[in-house]
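Asker: Okay, here's the structure, questions in a sec.
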Amino acid sequence: MTFKNNLKLGCAFAVVIFITTLSWISIAQSAEKQIVWKMQSVSPVNAKEYKWMPEAFAKNVELLSGGRLKIELHPAGSLMKSDQVPESVSKGVLDCAHTYVSYFGGRVDGFNSASEWPFDAHPMQAVMWFYEGGGAAMMREFGKPHNIFFLGVSPFLPEYVHSKKPIERISDIKGVKMRAQAIAGDMFKRLGASVVTMPGEEIYPALQRGIIDATEYLSISPNFDYKIHEVTKYIIGPTYSGGQSIDWIVNLNSWNKLSDDLKLIVELALKATNFDYWNKAVPDEKEVFATLITKHNITYIEWPKEDVKLMYAARTAAIKERSANLPDFKRRVESQVKWAKEALGYGTGTID
């Protein structure tokens with residue numbers, strides 16, 4: 001037999017081996033029992049955020065895993081109130097969640113106000129700190145004693161106050177009944193607001209019924225999907241936040257049952273989701289803001305610089321107070337500040 005024929009035979013044999021190997025892998029994977037995770041999102045089903053984050057994540061996981069892992073997704077408030085979700089993940093009632101672990105901050109110091117940052121150094125600061133600044137190890141350390149694996153974070157655009165009444169100056173906020181949470185809640189309370197806490201799905205009816213006059217919650221586009229503009233008339237700026245995040249958590253037992261390749265697939269699926277979300281969300285936010293002003297008669301009010309300084313002073317005081325009472329919260333904030341100074345140049349005069 002000639003060399004040429006030997007080569008053909010060898011190539012054909014290699015192709016047969018390759019196809020056979022793929023067949024065995026396919027058979028082995030199809031023989032695996034499909035894992036199904038139950039998940040609740042903090043977003044309502046009609047929000048673009050729901051489609052672009054949890055829905056996209058669930059699709060990515062199923063596709064990349066070849067169907068071995070499927071996520072049964074539920075929108076905000078469908079199985080339980082949003083503020084009950086982190087505890088449900090801890091107990092194993094839910095396998096995973098797209099949520100705010102701040103709702104569990106009363107139990108876990110390190111989760112307290114976890115989606116909020118003490119400053120605005122960069123719109124992706126929270127995501128960068130988690131993946132590159134030691135945040136993943138720290139947040140997973142905080143979650144482990146409570147049977148929570150902190151999977152990751154997604155970026156979130158800056159938040160504004162939405163109000164039924166004009167708040168022209170910071171002094172006008174005194175006595176305003178405002179829905180606010182965590183550090184933002186402490187800050188507005190210090191500025192004289194009458195602060196009320198409630199999960200996101202309760203904000204619209206609370207504004208509609210006059211239980212509250214104003215709210216801080218999400219960035220402008222998700223609030224538009226929540227139809228907050230139907231029950232408010234004003235957006236108050238500038239933003240009081242920057243570089244915020246949404247949290248993704250998994251029940252630790254559910255996580256540990258996954259094979260190493262499925263764990264990697266889940267982490268990569270989230271990173272892919274974040275990339276696509278950010279590319280959609282930034283232009284969408286600008287478009288929605290313009291629509292609110294031109295088509296829905298929303299008035300934008302921006303506080304003067306002297307009021308902004310008072311607002312950030314109240315925010316700093318709120319953070320210092322929490323740091324004095326919550327050691328893990330303090331450790332997290334110190335890590336974030338240190339990383340932002342070293343990696344982003346925060347506090348150099350250009351960014352402060």
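Residue numbering restarts at 1 for every chain of the structure tokens, chains are lettered A, B, ... in their displayed order, and ligands are numbered from 1 as they appear.
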So that I can check the surroundings of Lys330 of chain A, please list as a ChimeraX atom specification every protein, DNA and RNA residue that reaches within 10 Å of it, counting only C-alpha atoms and ignoring chain neighbours fewer than 6 positions away.
Answerer: /A:109-110,112,319-324,336
Asker: Pick out the residues sitting within 7 Å of segment 95-106 of chain A, and hand them over as a PyMOL selection string; count only C-alpha atoms, and ignore anything fewer than 5 positions along from it in its own chain.
Answerer: chain A and resi 37-42+54+83+86-87+89+111-115+246-251+254
Asker: Generate the output file for the selected residues, N, CA and C atoms, as a PDB file, in the first residue's frame.
Answerer:
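Output (out_29.pdb):
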ATOM      1  N   TRP A  37     -32.828  24.183  38.078  1.00  0.00           N
ATOM      2  CA  TRP A  37     -32.746  25.150  39.173  1.00  0.00           C
ATOM      3  C   TRP A  37     -33.972  26.066  39.148  1.00  0.00           C
ATOM      4  N   LYS A  38     -34.513  26.327  40.321  1.00  0.00           N
ATOM      5  CA  LYS A  38     -35.597  27.300  40.453  1.00  0.00           C
ATOM      6  C   LYS A  38     -34.990  28.654  40.820  1.00  0.00           C
ATOM      7  N   MET A  39     -35.387  29.688  40.081  1.00  0.00           N
ATOM      8  CA  MET A  39     -34.780  31.008  40.255  1.00  0.00           C
ATOM      9  C   MET A  39     -35.853  32.092  40.218  1.00  0.00           C
ATOM     10  N   GLN A  40     -35.717  33.082  41.110  1.00  0.00           N
ATOM     11  CA  GLN A  40     -36.579  34.257  41.028  1.00  0.00           C
ATOM     12  C   GLN A  40     -35.724  35.493  40.780  1.00  0.00           C
ATOM     13  N   SER A  41     -36.247  36.382  39.940  1.00  0.00           N
ATOM     14  CA  SER A  41     -35.561  37.624  39.610  1.00  0.00           C
ATOM     15  C   SER A  41     -36.152  38.783  40.407  1.00  0.00           C
ATOM     16  N   VAL A  42     -35.385  39.834  40.530  1.00  0.00           N
ATOM     17  CA  VAL A  42     -35.861  41.067  41.156  1.00  0.00           C
ATOM     18  C   VAL A  42     -36.578  41.949  40.133  1.00  0.00           C
ATOM     19  N   PRO A  54     -31.891  38.177  33.599  1.00  0.00           N
ATOM     20  CA  PRO A  54     -32.179  36.793  34.020  1.00  0.00           C
ATOM     21  C   PRO A  54     -32.626  35.869  32.900  1.00  0.00           C
ATOM     22  N   ASP A  83     -37.883  40.966  48.893  1.00  0.00           N
ATOM     23  CA  ASP A  83     -37.030  41.047  50.080  1.00  0.00           C
ATOM     24  C   ASP A  83     -36.916  39.722  50.828  1.00  0.00           C
ATOM     25  N   PRO A  86     -33.246  36.407  49.098  1.00  0.00           N
ATOM     26  CA  PRO A  86     -31.950  35.899  49.570  1.00  0.00           C
ATOM     27  C   PRO A  86     -32.076  34.847  50.669  1.00  0.00           C
ATOM     28  N   GLU A  87     -33.007  35.040  51.575  1.00  0.00           N
ATOM     29  CA  GLU A  87     -33.202  34.040  52.632  1.00  0.00           C
ATOM     30  C   GLU A  87     -33.707  32.728  52.043  1.00  0.00           C
ATOM     31  N   VAL A  89     -32.979  31.553  49.104  1.00  0.00           N
ATOM     32  CA  VAL A  89     -31.813  30.892  48.520  1.00  0.00           C
ATOM     33  C   VAL A  89     -30.992  30.232  49.614  1.00  0.00           C
ATOM     34  N   PHE A 111     -23.153  41.763  53.512  1.00  0.00           N
ATOM     35  CA  PHE A 111     -24.153  41.961  52.469  1.00  0.00           C
ATOM     36  C   PHE A 111     -24.887  43.286  52.636  1.00  0.00           C
ATOM     37  N   ASN A 112     -24.699  43.937  53.757  1.00  0.00           N
ATOM     38  CA  ASN A 112     -25.410  45.172  54.043  1.00  0.00           C
ATOM     39  C   ASN A 112     -25.076  46.229  52.987  1.00  0.00           C
ATOM     40  N   SER A 113     -26.101  46.731  52.308  1.00  0.00           N
ATOM     41  CA  SER A 113     -25.926  47.760  51.269  1.00  0.00           C
ATOM     42  C   SER A 113     -24.924  47.333  50.200  1.00  0.00           C
ATOM     43  N   ALA A 114     -24.895  46.036  49.901  1.00  0.00           N
ATOM     44  CA  ALA A 114     -23.856  45.495  49.015  1.00  0.00           C
ATOM     45  C   ALA A 114     -23.922  46.027  47.590  1.00  0.00           C
ATOM     46  N   SER A 115     -25.107  46.403  47.125  1.00  0.00           N
ATOM     47  CA  SER A 115     -25.210  46.876  45.748  1.00  0.00           C
ATOM     48  C   SER A 115     -24.853  48.354  45.609  1.00  0.00           C
ATOM     49  N   ILE A 246     -26.238  44.594  40.576  1.00  0.00           N
ATOM     50  CA  ILE A 246     -27.274  43.625  40.929  1.00  0.00           C
ATOM     51  C   ILE A 246     -26.564  42.316  41.228  1.00  0.00           C
ATOM     52  N   ASP A 247     -27.059  41.594  42.208  1.00  0.00           N
ATOM     53  CA  ASP A 247     -26.366  40.413  42.704  1.00  0.00           C
ATOM     54  C   ASP A 247     -26.970  39.109  42.180  1.00  0.00           C
ATOM     55  N   TRP A 248     -26.099  38.119  42.002  1.00  0.00           N
ATOM     56  CA  TRP A 248     -26.502  36.770  41.594  1.00  0.00           C
ATOM     57  C   TRP A 248     -25.994  35.786  42.647  1.00  0.00           C
ATOM     58  N   ILE A 249     -26.896  35.061  43.256  1.00  0.00           N
ATOM     59  CA  ILE A 249     -26.505  34.118  44.314  1.00  0.00           C
ATOM     60  C   ILE A 249     -27.093  32.740  44.036  1.00  0.00           C
ATOM     61  N   VAL A 250     -26.414  31.724  44.576  1.00  0.00           N
ATOM     62  CA  VAL A 250     -26.818  30.333  44.389  1.00  0.00           C
ATOM     63  C   VAL A 250     -26.793  29.644  45.748  1.00  0.00           C
ATOM     64  N   ASN A 251     -27.758  28.791  45.996  1.00  0.00           N
ATOM     65  CA  ASN A 251     -27.725  27.964  47.200  1.00  0.00           C
ATOM     66  C   ASN A 251     -26.451  27.121  47.163  1.00  0.00           C
ATOM     67  N   SER A 254     -26.776  23.487  46.124  1.00  0.00           N
ATOM     68  CA  SER A 254     -27.059  23.359  44.687  1.00  0.00           C
ATOM     69  C   SER A 254     -25.789  23.571  43.875  1.00  0.00           C
TER      70      SER A 254
END
Asker: Taking only segment 39-197 of chain A into account, list the residues labelled strand (DSSP E) by DSSP (computed from the backbone), as a ChimeraX atom specification.
Answerer: /A:39-41,69-74,96-99,148-156,161-163,177-179,194-196
Asker: Env of segment 76-78 of chain A: 9 Å cut, atoms = only C-alpha atoms, seq-sep filter 3 positions within chain, self excluded. Answer as an NGL selection string.
Answerer: :A and (40-45 or 81-82 or 199-201)
Asker: With only C-alpha atoms as the counted atoms, please give the residues lying no more than 12 Å from Glu216 of chain A, apart from itself and same-chain residues fewer than 4 positions off, as a ChimeraX atom specification.
Answerer: /A:158-163,177-185,187-188,193,195-200,203-204,207,212,220,222-223,228,232,235-237,239-241
Asker: Grab the residues selected above and save them as a CSV table (one decimal), in the first residue's frame with N, CA and C atoms.
Answerer:
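Generated output (out_31.csv):
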chain,number,residue,atom,x,y,z
A,158,PRO,N,-26.7,54.6,37.0
A,158,PRO,CA,-27.0,55.4,38.1
A,158,PRO,C,-28.5,55.6,38.4
A,159,GLU,N,-28.8,55.9,39.6
A,159,GLU,CA,-30.2,56.0,40.1
A,159,GLU,C,-30.5,57.5,40.3
A,160,TYR,N,-31.8,57.8,40.2
A,160,TYR,CA,-32.3,59.2,40.5
A,160,TYR,C,-33.5,59.1,41.3
A,161,VAL,N,-33.9,60.2,41.9
A,161,VAL,CA,-35.2,60.2,42.7
A,161,VAL,C,-36.3,60.5,41.7
A,162,HIS,N,-37.4,59.8,41.8
A,162,HIS,CA,-38.6,60.0,41.1
A,162,HIS,C,-39.7,60.5,42.1
A,163,SER,N,-40.3,61.7,41.8
A,163,SER,CA,-41.2,62.3,42.8
A,163,SER,C,-42.5,62.8,42.2
A,177,LYS,N,-42.4,61.9,52.0
A,177,LYS,CA,-42.4,60.4,52.3
A,177,LYS,C,-41.8,59.7,51.1
A,178,MET,N,-40.6,59.1,51.4
A,178,MET,CA,-39.8,58.5,50.3
A,178,MET,C,-39.5,57.1,50.5
A,179,ARG,N,-39.7,56.3,49.5
A,179,ARG,CA,-39.2,54.9,49.5
A,179,ARG,C,-37.7,54.9,49.3
A,180,ALA,N,-37.0,54.3,50.2
A,180,ALA,CA,-35.5,54.3,50.0
A,180,ALA,C,-35.0,53.1,50.9
A,181,GLN,N,-33.9,52.6,50.4
A,181,GLN,CA,-33.3,51.4,51.1
A,181,GLN,C,-31.8,51.7,51.5
A,182,ALA,N,-31.3,51.0,52.4
A,182,ALA,CA,-29.9,50.9,52.7
A,182,ALA,C,-29.2,52.2,52.9
A,183,ILE,N,-28.0,52.4,52.3
A,183,ILE,CA,-27.3,53.7,52.4
A,183,ILE,C,-28.1,54.9,51.9
A,184,ALA,N,-28.7,54.7,50.8
A,184,ALA,CA,-29.6,55.8,50.2
A,184,ALA,C,-30.7,56.2,51.2
A,185,GLY,N,-31.2,55.2,51.9
A,185,GLY,CA,-32.3,55.4,52.9
A,185,GLY,C,-31.7,56.2,54.0
A,187,MET,N,-29.1,58.2,54.0
A,187,MET,CA,-28.7,59.5,53.5
A,187,MET,C,-29.9,60.4,53.4
A,188,PHE,N,-31.0,59.9,52.8
A,188,PHE,CA,-32.2,60.8,52.7
A,188,PHE,C,-32.9,61.1,54.0
A,193,ALA,N,-35.9,63.5,54.9
A,193,ALA,CA,-37.0,62.8,54.4
A,193,ALA,C,-37.6,61.8,55.4
A,195,VAL,N,-38.5,58.3,55.6
A,195,VAL,CA,-38.1,57.1,54.7
A,195,VAL,C,-38.9,55.9,55.1
A,196,VAL,N,-39.4,55.3,54.0
A,196,VAL,CA,-40.2,54.0,54.1
A,196,VAL,C,-39.4,53.0,53.3
A,197,THR,N,-39.3,51.7,53.8
A,197,THR,CA,-38.7,50.7,53.0
A,197,THR,C,-39.8,49.7,52.5
A,198,MET,N,-39.6,49.2,51.2
A,198,MET,CA,-40.5,48.3,50.6
A,198,MET,C,-39.8,47.7,49.4
A,199,PRO,N,-40.1,46.4,49.0
A,199,PRO,CA,-39.6,45.8,47.8
A,199,PRO,C,-40.1,46.6,46.6
A,200,GLY,N,-39.4,46.4,45.5
A,200,GLY,CA,-39.6,47.1,44.3
A,200,GLY,C,-41.0,47.0,43.7
A,203,ILE,N,-43.7,49.6,44.9
A,203,ILE,CA,-43.5,51.0,44.8
A,203,ILE,C,-44.6,51.7,44.0
A,204,TYR,N,-45.0,51.1,42.9
A,204,TYR,CA,-46.1,51.8,42.0
A,204,TYR,C,-47.4,52.0,42.8
A,207,LEU,N,-47.0,54.7,45.5
A,207,LEU,CA,-47.1,56.1,44.9
A,207,LEU,C,-48.5,56.4,44.5
A,212,ILE,N,-46.4,56.9,49.6
A,212,ILE,CA,-45.2,57.6,49.5
A,212,ILE,C,-45.3,58.7,48.4
A,220,ILE,N,-33.1,54.9,35.3
A,220,ILE,CA,-34.3,55.5,34.6
A,220,ILE,C,-35.1,54.5,33.8
A,222,PRO,N,-35.3,50.9,33.8
A,222,PRO,CA,-36.1,50.0,34.5
A,222,PRO,C,-37.3,50.6,35.2
A,223,ASN,N,-37.1,51.8,35.7
A,223,ASN,CA,-38.2,52.5,36.4
A,223,ASN,C,-39.3,52.8,35.4
A,228,ILE,N,-43.2,53.9,36.6
A,228,ILE,CA,-43.2,54.9,37.7
A,228,ILE,C,-43.6,56.3,37.2
A,232,THR,N,-45.7,59.7,38.9
A,232,THR,CA,-44.8,60.7,39.3
A,232,THR,C,-44.7,61.8,38.2
A,235,ILE,N,-38.2,64.0,37.9
A,235,ILE,CA,-37.0,63.2,38.2
A,235,ILE,C,-36.0,64.2,38.7
A,236,ILE,N,-35.4,63.9,39.9
A,236,ILE,CA,-34.5,64.7,40.6
A,236,ILE,C,-33.1,64.3,40.4
A,237,GLY,N,-32.2,65.2,40.0
A,237,GLY,CA,-30.8,64.9,39.8
A,237,GLY,C,-29.9,65.9,40.6
A,239,THR,N,-27.6,62.2,39.9
A,239,THR,CA,-27.6,60.9,40.5
A,239,THR,C,-26.9,60.9,41.8
A,240,TYR,N,-27.5,60.2,42.8
A,240,TYR,CA,-26.9,60.0,44.1
A,240,TYR,C,-26.0,58.8,44.2
A,241,SER,N,-25.9,58.0,43.1
A,241,SER,CA,-25.2,56.8,43.1
A,241,SER,C,-24.4,56.6,41.8
Asker: Using only C-alpha atoms, what does the table of segment 214-321 of chain A residues within 12 Å of segment 66-75 of chain A look like, with each row giving the shortest atom pair and its distance in Å to one decimal, sorted by chain and ascending number, as CSV?
Answerer:
residue,atom,partner,partner_atom,distance
A:Val250,CA,A:Ile71,CA,11.7
A:Ser254,CA,A:Leu69,CA,11.4
A:Trp255,CA,A:Leu69,CA,11.5
A:Lys257,CA,A:Leu69,CA,11.4
A:Leu258,CA,A:Leu69,CA,9.0
A:Ser259,CA,A:Arg68,CA,10.6
A:Asp261,CA,A:Arg68,CA,10.9
A:Leu262,CA,A:Leu69,CA,7.7
A:Lys263,CA,A:Leu69,CA,10.2
A:Ile265,CA,A:Leu69,CA,9.6
A:Val266,CA,A:Leu69,CA,9.0
A:Ala269,CA,A:Leu69,CA,11.8
Asker: Restricting it to C-alpha atoms, dump the selection as a PDB file, in the first residue's frame.
Answerer:
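File produced: part38.pdb:
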ATOM      1  CA  VAL A 250     -26.818  30.333  44.389  1.00  0.00           C
ATOM      2  CA  SER A 254     -27.059  23.359  44.687  1.00  0.00           C
ATOM      3  CA  TRP A 255     -23.740  24.841  43.592  1.00  0.00           C
ATOM      4  CA  LYS A 257     -23.709  19.407  43.258  1.00  0.00           C
ATOM      5  CA  LEU A 258     -22.571  20.760  39.896  1.00  0.00           C
ATOM      6  CA  SER A 259     -19.620  19.247  38.065  1.00  0.00           C
ATOM      7  CA  ASP A 261     -17.451  22.096  33.892  1.00  0.00           C
ATOM      8  CA  LEU A 262     -21.028  23.136  34.725  1.00  0.00           C
ATOM      9  CA  LYS A 263     -19.755  25.550  37.363  1.00  0.00           C
ATOM     10  CA  ILE A 265     -20.383  27.277  32.272  1.00  0.00           C
ATOM     11  CA  VAL A 266     -22.599  29.104  34.790  1.00  0.00           C
ATOM     12  CA  ALA A 269     -22.875  32.508  31.063  1.00  0.00           C
TER      13      ALA A 269
END
Asker: Return the single residue from A:Phe57, A:Met128, A:Pro327, A:Ser219 that is closest to Asp284 of chain A, with distances computed using only C-alpha atoms.
Answerer: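 Answer, going by the shortest atom-to-atom distance: A:Ser219.
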Asker: Please indicate the distance in Å from atom CA of Arg331 of chain A to atom CA of Ser88 of chain A, rounded to one decimal place.
Answerer: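 Computed distance, atom CA of Arg331 of chain A to atom CA of Ser88 of chain A, equals 25.9 Å.
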Asker: Calculated over only C-alpha atoms, which of the candidates A:Ile173, A:Val153, A:Ala56, A:Met124 has the smallest distance to Met311 of chain A?
Answerer: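 For Met311 of chain A, the nearest of the given residues is A:Ile173.
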